file data.json (JSON, C-alpha atoms)
[["chain", "number", "residue", "atom", "x", "y", "z"],
["H", 243, "MET", "CA", 169.69, 192.26, 195.29],
["H", 244, "ARG", "CA", 166.58, 192.48, 197.42],
["H", 245, "ASP", "CA", 164.59, 195.73, 197.55],
["H", 246, "ALA", "CA", 166.64, 198.08, 199.73],
["H", 247, "SER", "CA", 164.07, 200.89, 200.12],
["H", 248, "ALA", "CA", 164.69, 202.90, 203.28],
["H", 249, "THR", "CA", 162.50, 202.75, 206.38],
["H", 250, "LEU", "CA", 162.68, 204.83, 209.54],
["H", 251, "SER", "CA", 163.60, 203.05, 212.75],
["H", 252, "LEU", "CA", 165.55, 203.43, 215.96],
["H", 253, "THR", "CA", 168.40, 201.19, 217.01],
["H", 254, "VAL", "CA", 169.82, 200.55, 220.43],
["H", 255, "GLY", "CA", 172.91, 198.38, 220.53],
["H", 256, "ASN", "CA", 172.92, 196.86, 217.07],
["H", 257, "LYS", "CA", 169.36, 195.50, 216.94],
["H", 258, "ILE", "CA", 166.37, 197.19, 215.31],
["H", 259, "ARG", "CA", 163.69, 197.73, 217.94],
["H", 260, "THR", "CA", 159.92, 198.32, 217.79],
["H", 261, "THR", "CA", 158.56, 201.74, 218.72],
["H", 262, "SER", "CA", 157.44, 200.70, 222.22],
["H", 263, "SER", "CA", 160.63, 198.82, 223.03],
["H", 264, "VAL", "CA", 162.73, 201.73, 221.73],
["H", 265, "ALA", "CA", 161.10, 204.17, 224.15],
["H", 266, "THR", "CA", 161.77, 201.85, 227.07],
["H", 267, "SER", "CA", 165.39, 201.28, 225.96],
["H", 268, "ILE", "CA", 166.08, 205.00, 225.66],
["H", 269, "LEU", "CA", 164.83, 205.61, 229.17],
["H", 270, "LYS", "CA", 167.05, 202.84, 230.55],
["H", 271, "SER", "CA", 170.19, 203.65, 228.58],
["H", 272, "ASP", "CA", 172.70, 206.46, 228.37],
["H", 273, "VAL", "CA", 173.37, 205.98, 224.65],
["H", 274, "ARG", "CA", 173.91, 209.02, 222.42],
["H", 275, "LEU", "CA", 171.94, 208.56, 219.22],
["H", 276, "CYS", "CA", 172.08, 210.33, 215.90],
["H", 277, "GLY", "CA", 170.30, 210.06, 212.57],
["H", 278, "ALA", "CA", 171.98, 207.81, 210.00],
["H", 279, "THR", "CA", 171.47, 205.25, 207.24],
["H", 280, "ALA", "CA", 172.46, 201.66, 208.07],
["H", 281, "VAL", "CA", 172.87, 198.30, 206.37],
["H", 282, "THR", "CA", 171.33, 195.48, 208.38],
["H", 283, "VAL", "CA", 171.92, 191.74, 207.98],
["H", 284, "ASN", "CA", 169.15, 189.54, 209.39],
["H", 285, "GLY", "CA", 167.94, 192.47, 211.50],
["H", 286, "GLU", "CA", 171.33, 193.38, 212.97],
["H", 287, "VAL", "CA", 173.24, 196.52, 212.04],
["H", 288, "LEU", "CA", 176.43, 195.78, 210.11],
["H", 289, "CYS", "CA", 177.42, 199.41, 209.51],
["H", 290, "ALA", "CA", 175.87, 202.88, 209.54],
["H", 291, "VAL", "CA", 176.70, 206.14, 207.77],
["H", 292, "GLN", "CA", 175.56, 209.54, 209.01],
["H", 293, "ASN", "CA", 173.27, 211.65, 206.81],
["H", 294, "ASP", "CA", 171.33, 210.38, 203.78],
["H", 295, "SER", "CA", 173.68, 207.82, 202.23],
["H", 296, "LYS", "CA", 171.14, 205.38, 200.84],
["H", 297, "ALA", "CA", 172.29, 205.77, 197.22],
["H", 298, "GLU", "CA", 175.96, 205.31, 198.11],
["H", 299, "LEU", "CA", 175.22, 202.20, 200.18],
["H", 300, "GLU", "CA", 173.04, 200.72, 197.44],
["H", 301, "ASP", "CA", 175.84, 201.30, 194.95],
["H", 302, "ALA", "CA", 178.39, 199.67, 197.27],
["H", 303, "LEU", "CA", 176.12, 196.63, 197.76],
["H", 304, "SER", "CA", 175.64, 196.29, 194.00],
["H", 305, "LYS", "CA", 179.41, 196.41, 193.43],
["H", 306, "HIS", "CA", 179.90, 193.74, 196.08],
["H", 307, "LEU", "CA", 177.39, 191.45, 194.29],
["H", 308, "ASN", "CA", 178.77, 192.19, 190.83],
["H", 309, "ALA", "CA", 182.25, 191.17, 191.93],
["H", 310, "TYR", "CA", 180.93, 187.58, 192.06],
["H", 311, "ASN", "CA", 178.89, 187.75, 188.85],
["H", 312, "ASN", "CA", 180.96, 186.08, 186.14],
["H", 313, "GLY", "CA", 178.69, 185.86, 183.11],
["H", 314, "GLU", "CA", 175.26, 185.86, 181.53],
["H", 315, "ASP", "CA", 174.35, 182.46, 182.98],
["H", 316, "CYS", "CA", 175.26, 183.56, 186.51],
["H", 317, "SER", "CA", 173.10, 185.08, 189.24],
["H", 318, "ALA", "CA", 174.49, 186.51, 192.47],
["H", 319, "THR", "CA", 172.43, 187.03, 195.63],
["H", 320, "PHE", "CA", 173.16, 187.71, 199.27],
["H", 321, "ILE", "CA", 173.02, 184.64, 201.50],
["H", 322, "ASP", "CA", 171.29, 186.55, 204.30],
["H", 323, "ASP", "CA", 168.49, 189.14, 204.50],
["H", 324, "VAL", "CA", 170.17, 192.48, 203.69],
["H", 325, "LYS", "CA", 168.33, 195.79, 204.06],
["H", 326, "ILE", "CA", 169.07, 199.51, 204.15],
["H", 327, "GLU", "CA", 167.46, 201.25, 207.15],
["H", 328, "LYS", "CA", 167.18, 204.95, 208.03],
["H", 329, "GLY", "CA", 166.87, 205.82, 211.70],
["H", 330, "TYR", "CA", 168.66, 206.77, 214.89],
["H", 331, "PHE", "CA", 171.71, 204.73, 215.86],
["H", 332, "PRO", "CA", 174.36, 204.76, 218.57],
["H", 333, "ARG", "CA", 177.38, 206.81, 217.54],
["H", 334, "SER", "CA", 179.59, 203.72, 218.11],
["H", 335, "LEU", "CA", 178.00, 202.08, 215.04],
["H", 336, "ILE", "CA", 178.48, 205.05, 212.73],
["H", 337, "SER", "CA", 181.54, 205.23, 210.45],
["H", 338, "PRO", "CA", 182.71, 207.05, 207.31],
["H", 339, "LEU", "CA", 181.37, 205.76, 204.00],
["H", 340, "ALA", "CA", 184.76, 204.27, 203.02],
["H", 341, "SER", "CA", 184.87, 202.23, 206.24],
["H", 342, "ALA", "CA", 181.26, 201.12, 205.73],
["H", 343, "GLU", "CA", 182.07, 199.94, 202.20],
["H", 344, "GLU", "CA", 184.88, 197.78, 203.59],
["H", 345, "LYS", "CA", 182.48, 196.33, 206.15],
["H", 346, "LEU", "CA", 180.04, 195.36, 203.40],
["H", 347, "GLN", "CA", 182.65, 192.90, 202.06],
["H", 348, "GLU", "CA", 181.77, 190.67, 205.03],
["H", 349, "ILE", "CA", 178.31, 189.97, 203.60],
["H", 350, "GLY", "CA", 178.13, 186.44, 202.18],
["H", 351, "VAL", "CA", 177.28, 186.02, 198.49],
["H", 352, "LYS", "CA", 175.89, 182.98, 196.70],
["H", 353, "THR", "CA", 176.30, 182.62, 192.95],
["H", 354, "VAL", "CA", 174.50, 180.08, 190.79],
["H", 355, "SER", "CA", 175.66, 179.55, 187.21],
["H", 356, "THR", "CA", 175.38, 177.08, 184.35],
["H", 357, "VAL", "CA", 178.73, 175.67, 183.27],
["H", 358, "LYS", "CA", 179.70, 173.47, 180.34],
["H", 359, "TYR", "CA", 182.89, 171.42, 180.09],
["H", 360, "THR", "CA", 184.36, 168.20, 178.75],
["H", 361, "GLU", "CA", 185.25, 165.40, 181.14],
["H", 362, "ASP", "CA", 187.46, 162.34, 180.66],
["H", 363, "ILE", "CA", 186.02, 158.83, 180.85],
["H", 364, "PRO", "CA", 188.75, 156.54, 182.23],
["H", 365, "PHE", "CA", 189.47, 153.31, 180.38],
["H", 366, "ASP", "CA", 189.48, 149.84, 181.92],
["H", 367, "THR", "CA", 192.56, 147.63, 181.93],
["H", 368, "VAL", "CA", 192.23, 144.04, 180.81],
["H", 369, "THR", "CA", 195.06, 141.87, 182.14],
["H", 370, "THR", "CA", 196.02, 138.57, 180.50],
["H", 371, "LYS", "CA", 198.22, 136.14, 182.42],
["H", 372, "SER", "CA", 200.70, 134.11, 180.41],
["H", 373, "SER", "CA", 203.07, 131.33, 181.43],
["H", 374, "LYS", "CA", 205.16, 132.18, 178.36],
["H", 375, "TYR", "CA", 206.70, 135.04, 180.35],
["H", 376, "LEU", "CA", 208.42, 135.12, 183.72],
["H", 377, "LYS", "CA", 206.68, 136.47, 186.78],
["H", 378, "GLY", "CA", 207.39, 140.21, 186.96],
["H", 379, "TYR", "CA", 207.09, 140.66, 183.18],
["H", 380, "LYS", "CA", 204.49, 143.24, 182.20],
["H", 381, "LYS", "CA", 203.78, 144.60, 178.75],
["H", 382, "VAL", "CA", 201.06, 146.85, 177.41],
["H", 383, "THR", "CA", 199.94, 145.09, 174.24],
["H", 384, "LYS", "CA", 197.26, 147.60, 173.39],
["H", 385, "ALA", "CA", 197.25, 151.17, 174.70],
["H", 386, "GLY", "CA", 194.05, 152.36, 176.33],
["H", 387, "VAL", "CA", 192.21, 155.41, 175.07],
["H", 388, "VAL", "CA", 190.43, 157.85, 177.38],
["H", 389, "GLY", "CA", 186.82, 158.58, 176.42],
["H", 390, "LYS", "CA", 185.18, 162.01, 176.47],
["H", 391, "LYS", "CA", 181.81, 163.35, 177.60],
["H", 392, "ASP", "CA", 180.27, 166.81, 177.46],
["H", 393, "ILE", "CA", 178.85, 167.98, 180.78],
["H", 394, "LYS", "CA", 176.28, 170.67, 181.58],
["H", 395, "ALA", "CA", 175.96, 171.44, 185.28],
["H", 396, "THR", "CA", 174.57, 173.92, 187.76],
["H", 397, "LEU", "CA", 177.42, 175.31, 189.85],
["H", 398, "THR", "CA", 176.81, 176.95, 193.23],
["H", 399, "LEU", "CA", 179.53, 179.04, 194.85],
["H", 400, "ILE", "CA", 179.56, 180.53, 198.33],
["H", 401, "ASN", "CA", 181.87, 183.55, 198.53],
["H", 402, "GLY", "CA", 183.60, 182.36, 195.38],
["H", 403, "LYS", "CA", 184.21, 178.78, 196.58],
["H", 404, "GLU", "CA", 182.41, 175.79, 195.12],
["H", 405, "ALA", "CA", 179.62, 174.53, 197.39],
["H", 406, "SER", "CA", 177.83, 172.14, 195.03],
["H", 407, "ARG", "CA", 177.80, 170.95, 191.44],
["H", 408, "ASP", "CA", 174.68, 169.30, 190.02],
["H", 409, "VAL", "CA", 175.00, 167.65, 186.60],
["H", 410, "VAL", "CA", 171.88, 168.30, 184.52],
["H", 411, "GLU", "CA", 173.11, 166.80, 181.24],
["H", 412, "SER", "CA", 175.88, 164.35, 180.26],
["H", 413, "VAL", "CA", 176.52, 163.36, 176.64],
["H", 414, "VAL", "CA", 179.19, 160.78, 175.69],
["H", 415, "VAL", "CA", 181.29, 162.11, 172.81],
["H", 416, "SER", "CA", 183.65, 159.14, 172.52],
["H", 417, "GLU", "CA", 183.73, 155.80, 174.31],
["H", 418, "PRO", "CA", 186.91, 154.72, 176.15],
["H", 419, "VAL", "CA", 188.96, 151.87, 174.72],
["H", 420, "ALA", "CA", 190.24, 149.27, 177.18],
["H", 421, "GLN", "CA", 193.97, 148.89, 177.69],
["H", 422, "LYS", "CA", 195.33, 145.35, 177.31],
["H", 423, "VAL", "CA", 198.24, 144.16, 179.41],
["H", 424, "THR", "CA", 200.08, 140.85, 179.43],
["H", 425, "VAL", "CA", 201.79, 139.73, 182.65],
["H", 426, "GLY", "CA", 204.04, 136.76, 183.14],
["H", 427, "THR", "CA", 203.32, 133.97, 185.61],
["H", 428, "ALA", "CA", 206.27, 131.62, 185.03],
["H", 429, "THR", "CA", 208.93, 131.11, 187.70],
["H", 430, "LYS", "CA", 212.34, 129.38, 187.43],
["H", 431, "THR", "CA", 210.53, 126.16, 186.72],
["H", 432, "SER", "CA", 207.00, 125.58, 185.49],
["H", 433, "SER", "CA", 204.29, 123.91, 187.52],
["H", 434, "SER", "CA", 205.31, 120.60, 185.98],
["H", 435, "GLY", "CA", 208.87, 121.08, 187.25],
["H", 436, "LYS", "CA", 210.37, 121.75, 183.81],
["H", 437, "LYS", "CA", 213.01, 124.44, 183.45],
["H", 438, "VAL", "CA", 211.61, 127.77, 182.37],
["H", 439, "PHE", "CA", 213.78, 128.37, 179.28],
["H", 440, "ARG", "CA", 213.56, 126.29, 176.12],
["H", 441, "TRP", "CA", 216.63, 125.29, 174.06],
["H", 442, "PRO", "CA", 217.80, 128.48, 172.25],
["H", 443, "LEU", "CA", 218.49, 126.82, 168.88],
["H", 444, "LYS", "CA", 216.61, 124.79, 166.37],
["H", 445, "LYS", "CA", 217.98, 121.29, 166.89],
["H", 446, "VAL", "CA", 219.95, 120.06, 163.89],
["H", 447, "ALA", "CA", 222.49, 117.34, 163.24],
["H", 448, "GLY", "CA", 225.98, 117.99, 164.58],
["H", 449, "GLN", "CA", 224.86, 120.45, 167.20],
["H", 450, "THR", "CA", 226.89, 120.19, 170.42],
["H", 451, "ILE", "CA", 227.98, 122.15, 173.49],
["H", 452, "THR", "CA", 231.64, 123.02, 172.99],
["H", 453, "SER", "CA", 232.13, 125.16, 176.07],
["H", 454, "TYR", "CA", 230.40, 124.93, 179.43],
["H", 455, "TYR", "CA", 229.79, 127.52, 182.16],
["H", 456, "GLY", "CA", 233.01, 128.18, 184.14],
["H", 457, "ASP", "CA", 235.13, 125.73, 182.18],
["H", 458, "GLY", "CA", 238.53, 126.76, 183.48],
["H", 459, "ARG", "CA", 238.49, 130.24, 181.93],
["H", 460, "ASN", "CA", 235.67, 131.70, 183.97],
["H", 461, "HIS", "CA", 233.30, 131.29, 181.05],
["H", 462, "ARG", "CA", 229.91, 132.68, 182.17],
["H", 463, "ALA", "CA", 227.87, 131.09, 179.39],
["H", 464, "ILE", "CA", 227.63, 128.01, 177.21],
["H", 465, "ASP", "CA", 228.78, 127.82, 173.60],
["H", 466, "ILE", "CA", 226.69, 125.68, 171.27],
["H", 467, "ALA", "CA", 228.33, 124.74, 167.96],
["H", 468, "SER", "CA", 225.84, 124.56, 165.10],
["H", 469, "PRO", "CA", 225.96, 125.03, 161.31],
["H", 470, "LYS", "CA", 225.87, 128.55, 159.96],
["H", 471, "GLY", "CA", 222.31, 129.74, 159.42],
["H", 472, "THR", "CA", 220.78, 127.58, 162.17],
["H", 473, "PRO", "CA", 217.77, 129.54, 163.58],
["H", 474, "ILE", "CA", 218.39, 131.14, 166.97],
["H", 475, "LEU", "CA", 215.20, 130.94, 169.05],
["H", 476, "ALA", "CA", 213.97, 133.08, 171.96],
["H", 477, "ALA", "CA", 214.34, 130.87, 175.03],
["H", 478, "LEU", "CA", 211.30, 132.59, 176.55],
["H", 479, "GLY", "CA", 209.00, 135.43, 175.60],
["H", 480, "GLY", "CA", 210.01, 138.95, 176.51],
["H", 481, "THR", "CA", 211.09, 142.34, 175.20],
["H", 482, "VAL", "CA", 214.26, 142.88, 173.19],
["H", 483, "SER", "CA", 216.41, 145.27, 175.25],
["H", 484, "PHE", "CA", 219.37, 145.22, 172.83],
["H", 485, "SER", "CA", 219.94, 144.24, 169.21],
["H", 486, "GLY", "CA", 223.19, 145.26, 167.58],
["H", 487, "TYR", "CA", 226.93, 144.72, 167.28],
["H", 488, "ALA", "CA", 229.94, 144.69, 169.64],
["H", 489, "ARG", "CA", 233.56, 143.78, 168.96],
["H", 490, "ASP", "CA", 233.60, 140.70, 171.23],
["H", 491, "TYR", "CA", 229.98, 139.52, 170.90],
["H", 492, "GLY", "CA", 229.59, 140.31, 167.23],
["H", 493, "TYR", "CA", 225.91, 140.57, 166.32],
["H", 494, "TYR", "CA", 223.93, 139.81, 169.46],
["H", 495, "VAL", "CA", 220.53, 140.17, 171.13],
["H", 496, "ILE", "CA", 219.46, 140.56, 174.76],
["H", 497, "ILE", "CA", 215.89, 139.70, 175.74],
["H", 498, "ASP", "CA", 214.40, 140.97, 179.00],
["H", 499, "HIS", "CA", 211.94, 138.44, 180.44],
["H", 500, "GLY", "CA", 210.98, 140.41, 183.55],
["H", 501, "ASN", "CA", 211.60, 139.67, 187.22],
["H", 502, "GLY", "CA", 215.31, 140.34, 186.69],
["H", 503, "TYR", "CA", 215.74, 137.56, 184.09],
["H", 504, "GLN", "CA", 217.56, 138.16, 180.79],
["H", 505, "THR", "CA", 219.05, 135.96, 178.07],
["H", 506, "LEU", "CA", 221.82, 136.87, 175.63],
["H", 507, "TYR", "CA", 222.52, 135.36, 172.19],
["H", 508, "SER", "CA", 225.74, 136.35, 170.38],
["H", 509, "HIS", "CA", 228.02, 135.73, 167.33],
["H", 510, "ALA", "CA", 224.95, 135.69, 165.07],
["H", 511, "ALA", "CA", 225.26, 135.89, 161.30],
["H", 512, "GLU", "CA", 221.95, 137.81, 161.06],
["H", 513, "LEU", "CA", 219.53, 139.43, 163.49],
["H", 514, "TYR", "CA", 215.78, 139.49, 162.87],
["H", 515, "VAL", "CA", 214.58, 141.60, 165.82],
["H", 516, "GLU", "CA", 214.96, 145.20, 166.98],
["H", 517, "LYS", "CA", 215.19, 146.91, 170.36],
["H", 518, "GLY", "CA", 211.76, 147.28, 171.98],
["H", 519, "GLN", "CA", 210.24, 144.42, 169.99],
["H", 520, "VAL", "CA", 208.15, 141.87, 171.92],
["H", 521, "VAL", "CA", 209.00, 138.28, 171.10],
["H", 522, "THR", "CA", 207.35, 135.01, 172.04],
["H", 523, "THR", "CA", 208.89, 131.76, 173.23],
["H", 524, "GLY", "CA", 210.52, 129.92, 170.32],
["H", 525, "GLU", "CA", 210.40, 132.87, 167.92],
["H", 526, "THR", "CA", 213.36, 133.09, 165.52],
["H", 527, "ILE", "CA", 215.47, 136.09, 166.45],
["H", 528, "GLY", "CA", 218.52, 135.47, 164.23],
["H", 529, "THR", "CA", 220.82, 132.82, 162.75],
["H", 530, "VAL", "CA", 224.05, 131.20, 163.91],
["H", 531, "GLY", "CA", 227.32, 132.69, 162.66],
["H", 532, "LYS", "CA", 230.81, 133.57, 163.87],
["H", 533, "THR", "CA", 230.83, 137.37, 164.05],
["H", 534, "GLY", "CA", 232.92, 139.13, 166.70],
["H", 535, "ARG", "CA", 235.58, 137.11, 168.52],
["H", 536, "ALA", "CA", 234.67, 133.60, 167.41],
["H", 537, "THR", "CA", 236.67, 130.75, 165.81],
["H", 538, "GLY", "CA", 233.73, 128.86, 164.40],
["H", 539, "ASN", "CA", 229.98, 128.98, 163.89],
["H", 540, "HIS", "CA", 228.34, 128.79, 167.30],
["H", 541, "LEU", "CA", 225.91, 130.47, 169.68],
["H", 542, "HIS", "CA", 227.23, 132.06, 172.86],
["H", 543, "TYR", "CA", 224.21, 131.83, 175.21],
["H", 544, "GLU", "CA", 223.94, 133.55, 178.61],
["H", 545, "VAL", "CA", 221.30, 133.58, 181.35],
["H", 546, "ARG", "CA", 221.41, 136.65, 183.57],
["H", 547, "ILE", "CA", 219.46, 137.09, 186.82],
["H", 548, "ASN", "CA", 219.52, 140.54, 188.38],
["H", 549, "GLY", "CA", 222.64, 141.31, 186.34],
["H", 550, "ASN", "CA", 224.50, 138.15, 187.38],
["H", 551, "ARG", "CA", 225.44, 135.57, 184.74],
["H", 552, "MET", "CA", 224.21, 132.14, 185.84],
["H", 553, "ASP", "CA", 224.77, 128.64, 184.48],
["H", 554, "PRO", "CA", 222.27, 128.42, 181.60],
["H", 555, "LEU", "CA", 221.90, 124.66, 181.97],
["H", 556, "ASN", "CA", 220.32, 125.15, 185.43],
["H", 557, "TYR", "CA", 217.48, 127.06, 183.79],
["H", 558, "THR", "CA", 217.29, 125.74, 180.23],
["H", 559, "SER", "CA", 215.74, 122.52, 178.97],
["H", 560, "ARG", "CA", 217.82, 120.49, 176.52]]

call {"tool": "encode", "arguments": {"input": "data.json", "output": "structure tokens"}}
result
Amino acid sequence: MRDASATLSLTVGNKIRTTSSVATSILKSDVRLCGATAVTVNGEVLCAVQNDSKAELEDALSKHLNAYNNGEDCSATFIDDVKIEKGYFPRSLISPLASAEEKLQEIGVKTVSTVKYTEDIPFDTVTTKSSKYLKGYKKVTKAGVVGKKDIKATLTLINGKEASRDVVESVVVSEPVAQKVTVGTATKTSSSGKKVFRWPLKKVAGQTITSYYGDGRNHRAIDIASPKGTPILAALGGTVSFSGYARDYGYYVIIDHGNGYQTLYSHAAELYVEKGQVVTTGETIGTVGKTGRATGNHLHYEVRINGNRMDPLNYTSR
């Protein structure tokens, strides 16, 4: 707080006047004056208390400043020029000490402090496009890691609200690690016009389609007869959304390829993948069997688009 030593002056209205101007003002006015101690802000009277109240006003000003002082590395000062003046003031400006103390809360305070904190450093995302996956497929292949840095800054508050923050020191504690994402670019057919899905079995002798899509019994798939143990292959890369057993399907797998596309492989003898696992085109996901409701070793193969079972041969190369 600035030096608040008292001086003697005379006030007309709420402005401190010089001796000569005071005499002229008194002659021209009909203002009743009385001796008091006042707090002025930039030369204008904010409040005045009758009698010698300098000590009480100084104490009230100190409390007002201290309310904004929040630590050893903090300094609080008034924004404007604040003084305590003794003199003669209009009675309209004079109030009880309690009222004057409330008025002092209007004086603006600036605090400057040194603060230390840790700040995150965001990671970059590296995207890899792959025609092995359908458009709409997106998979985080490596999670990103946020970096950290220690900050030392000068913080300026005006009446308790941040006005500016100037960083004086920044030290990196840990570097961020980029996140890696794979996105699919394939559509129903590739750029060469080939169907997007590969044949879902390793081709072996005696392999044949024994039941086509919609073959008189509303069959929404194709059945491919093949010897027991024939590798079942992912028709396209994607994420395994189901791997398990059901009474009708037996052991089966569903792969989500993104963009609403899924493929289903059932009646397997063995399954080699788990839910949540990412598989690539042509990867072995199980072997042919006859589990569930099946009369012989075969693969029941479905293509689903937005939940609708479509004819696999419209989308699958043979």

call {"tool": "residues_around", "arguments": {"input": "data.json", "residues": "Arg462 of chain H", "least_positions_apart": "3", "cutoff": "9 Å", "atoms": "all atoms listed in the file", "output": "list in words"}}
result
Tyr454, Tyr455, Gly456, Asp457, Arg459, Glu544, Val545, Arg551, Met552, Asp553 and Pro554 of chain H

call {"tool": "residues_around", "arguments": {"input": "data.json", "residues": "Tyr487 of chain H", "least_positions_apart": "3", "cutoff": "10 Å", "atoms": "all atoms listed in the file", "output": "mmCIF file with C-alpha atoms, keeping the file's coordinate frame"}}
result
data_model
loop_
_atom_site.group_PDB
_atom_site.id
_atom_site.type_symbol
_atom_site.label_atom_id
_atom_site.label_comp_id
_atom_site.auth_asym_id
_atom_site.auth_seq_id
_atom_site.Cartn_x
_atom_site.Cartn_y
_atom_site.Cartn_z
ATOM 1 C CA PHE H 484 219.370 145.220 172.830
ATOM 2 C CA ASP H 490 233.600 140.700 171.230
ATOM 3 C CA TYR H 491 229.980 139.520 170.900
ATOM 4 C CA GLY H 492 229.590 140.310 167.230
ATOM 5 C CA TYR H 493 225.910 140.570 166.320
ATOM 6 C CA TYR H 494 223.930 139.810 169.460
ATOM 7 C CA VAL H 495 220.530 140.170 171.130
ATOM 8 C CA SER H 508 225.740 136.350 170.380
ATOM 9 C CA HIS H 509 228.020 135.730 167.330
ATOM 10 C CA ALA H 510 224.950 135.690 165.070
ATOM 11 C CA LEU H 513 219.530 139.430 163.490
ATOM 12 C CA THR H 533 230.830 137.370 164.050
ATOM 13 C CA GLY H 534 232.920 139.130 166.700
#

call {"tool": "closest_residue", "arguments": {"input": "data.json", "among": "H:Gly329, H:Asn539, H:Lys305, H:Lys371", "to": "Gly277 of chain H", "atoms": "only C-alpha atoms"}}
result
H:Gly329

call {"tool": "atom_distance", "arguments": {"input": "data.json", "atom1": "atom CA of Ile321 of chain H", "atom2": "atom CA of Leu299 of chain H"}}
result
17.7 Å

call {"tool": "closest_residue", "arguments": {"input": "data.json", "among": "H:Tyr379, H:Phe365, H:Phe320, H:Tyr359", "to": "Gly480 of chain H", "atoms": "only C-alpha atoms"}}
result
H:Tyr379

call {"tool": "closest_residue", "arguments": {"input": "data.json", "among": "H:Gly389, H:Gly479, H:Gly350, H:Gly549", "to": "Leu307 of chain H", "atoms": "only C-alpha atoms"}}
result
H:Gly350

call {"tool": "residues_around", "arguments": {"input": "data.json", "residues": "Lys445 of chain H", "least_positions_apart": "5", "cutoff": "10 Å", "atoms": "all atoms listed in the file", "output": "count of residues only"}}
result
6

call {"tool": "closest_residue", "arguments": {"input": "data.json", "among": "H:Glu344, H:Glu525, H:Glu327, H:Glu516", "to": "Trp441 of chain H", "atoms": "only C-alpha atoms"}}
result
H:Glu525

call {"tool": "closest_residue", "arguments": {"input": "data.json", "among": "H:Val410, H:Ser355, H:Arg546, H:Lys517", "to": "Asp315 of chain H", "atoms": "all atoms listed in the file"}}
result
H:Ser355

call {"tool": "closest_residue", "arguments": {"input": "data.json", "among": "H:Val415, H:Leu555, H:Val368, H:Cys276", "to": "Leu335 of chain H", "atoms": "only C-alpha atoms"}}
result
H:Cys276

call {"tool": "atom_distance", "arguments": {"input": "data.json", "atom1": "atom CA of Val530 of chain H", "atom2": "atom CA of Ala428 of chain H"}}
result
27.6 Å

call {"tool": "atom_distance", "arguments": {"input": "data.json", "atom1": "atom CA of Gly386 of chain H", "atom2": "atom CA of Gly502 of chain H"}}
result
26.5 Å

call {"tool": "residues_around", "arguments": {"input": "data.json", "residues": "Glu361 of chain H", "least_positions_apart": "2", "cutoff": "7 Å", "atoms": "all atoms listed in the file", "output": "PDB file with C-alpha atoms, in the coordinates of the input"}}
result
ATOM      1  CA  TYR H 359     182.890 171.420 180.090  1.00  0.00           C
ATOM      2  CA  ILE H 363     186.020 158.830 180.850  1.00  0.00           C
ATOM      3  CA  LYS H 390     185.180 162.010 176.470  1.00  0.00           C
ATOM      4  CA  LYS H 391     181.810 163.350 177.600  1.00  0.00           C
ATOM      5  CA  ASP H 392     180.270 166.810 177.460  1.00  0.00           C
ATOM      6  CA  ILE H 393     178.850 167.980 180.780  1.00  0.00           C
TER       7      ILE H 393
END

call {"tool": "decode", "arguments": {"input": "data.json", "residues": "segment 397-408 of chain H", "atoms": "N, CA and C atoms", "output": "PDB file, in the first residue's frame"}}
result
ATOM      1  N   LEU H 397       1.604 -14.423 -12.975  1.00  0.00           N
ATOM      2  CA  LEU H 397       0.150 -14.318 -13.111  1.00  0.00           C
ATOM      3  C   LEU H 397      -0.329 -12.984 -12.551  1.00  0.00           C
ATOM      4  N   THR H 398      -1.051 -12.225 -13.362  1.00  0.00           N
ATOM      5  CA  THR H 398      -1.599 -10.942 -12.931  1.00  0.00           C
ATOM      6  C   THR H 398      -3.114 -11.039 -12.855  1.00  0.00           C
ATOM      7  N   LEU H 399      -3.652 -10.673 -11.686  1.00  0.00           N
ATOM      8  CA  LEU H 399      -5.093 -10.675 -11.480  1.00  0.00           C
ATOM      9  C   LEU H 399      -5.575  -9.259 -11.212  1.00  0.00           C
ATOM     10  N   ILE H 400      -6.730  -8.929 -11.748  1.00  0.00           N
ATOM     11  CA  ILE H 400      -7.382  -7.662 -11.448  1.00  0.00           C
ATOM     12  C   ILE H 400      -8.685  -7.992 -10.720  1.00  0.00           C
ATOM     13  N   ASN H 401      -8.749  -7.572  -9.461  1.00  0.00           N
ATOM     14  CA  ASN H 401      -9.917  -7.878  -8.616  1.00  0.00           C
ATOM     15  C   ASN H 401     -10.213  -9.380  -8.589  1.00  0.00           C
ATOM     16  N   GLY H 402      -9.146 -10.163  -8.530  1.00  0.00           N
ATOM     17  CA  GLY H 402      -9.287 -11.607  -8.402  1.00  0.00           C
ATOM     18  C   GLY H 402      -9.488 -12.352  -9.704  1.00  0.00           C
ATOM     19  N   LYS H 403      -9.589 -11.655 -10.836  1.00  0.00           N
ATOM     20  CA  LYS H 403      -9.777 -12.309 -12.129  1.00  0.00           C
ATOM     21  C   LYS H 403      -8.514 -12.185 -12.975  1.00  0.00           C
ATOM     22  N   GLU H 404      -8.174 -13.286 -13.646  1.00  0.00           N
ATOM     23  CA  GLU H 404      -6.931 -13.306 -14.415  1.00  0.00           C
ATOM     24  C   GLU H 404      -6.956 -12.267 -15.527  1.00  0.00           C
ATOM     25  N   ALA H 405      -5.900 -11.442 -15.567  1.00  0.00           N
ATOM     26  CA  ALA H 405      -5.757 -10.418 -16.604  1.00  0.00           C
ATOM     27  C   ALA H 405      -4.669 -10.787 -17.597  1.00  0.00           C
ATOM     28  N   SER H 406      -3.603 -11.445 -17.107  1.00  0.00           N
ATOM     29  CA  SER H 406      -2.523 -11.863 -18.004  1.00  0.00           C
ATOM     30  C   SER H 406      -1.728 -12.974 -17.346  1.00  0.00           C
ATOM     31  N   ARG H 407      -1.070 -13.760 -18.186  1.00  0.00           N
ATOM     32  CA  ARG H 407      -0.226 -14.856 -17.713  1.00  0.00           C
ATOM     33  C   ARG H 407       0.999 -14.891 -18.635  1.00  0.00           C
ATOM     34  N   ASP H 408       2.159 -14.625 -18.077  1.00  0.00           N
ATOM     35  CA  ASP H 408       3.393 -14.582 -18.861  1.00  0.00           C
ATOM     36  C   ASP H 408       4.303 -15.729 -18.422  1.00  0.00           C
TER      37      ASP H 408
END
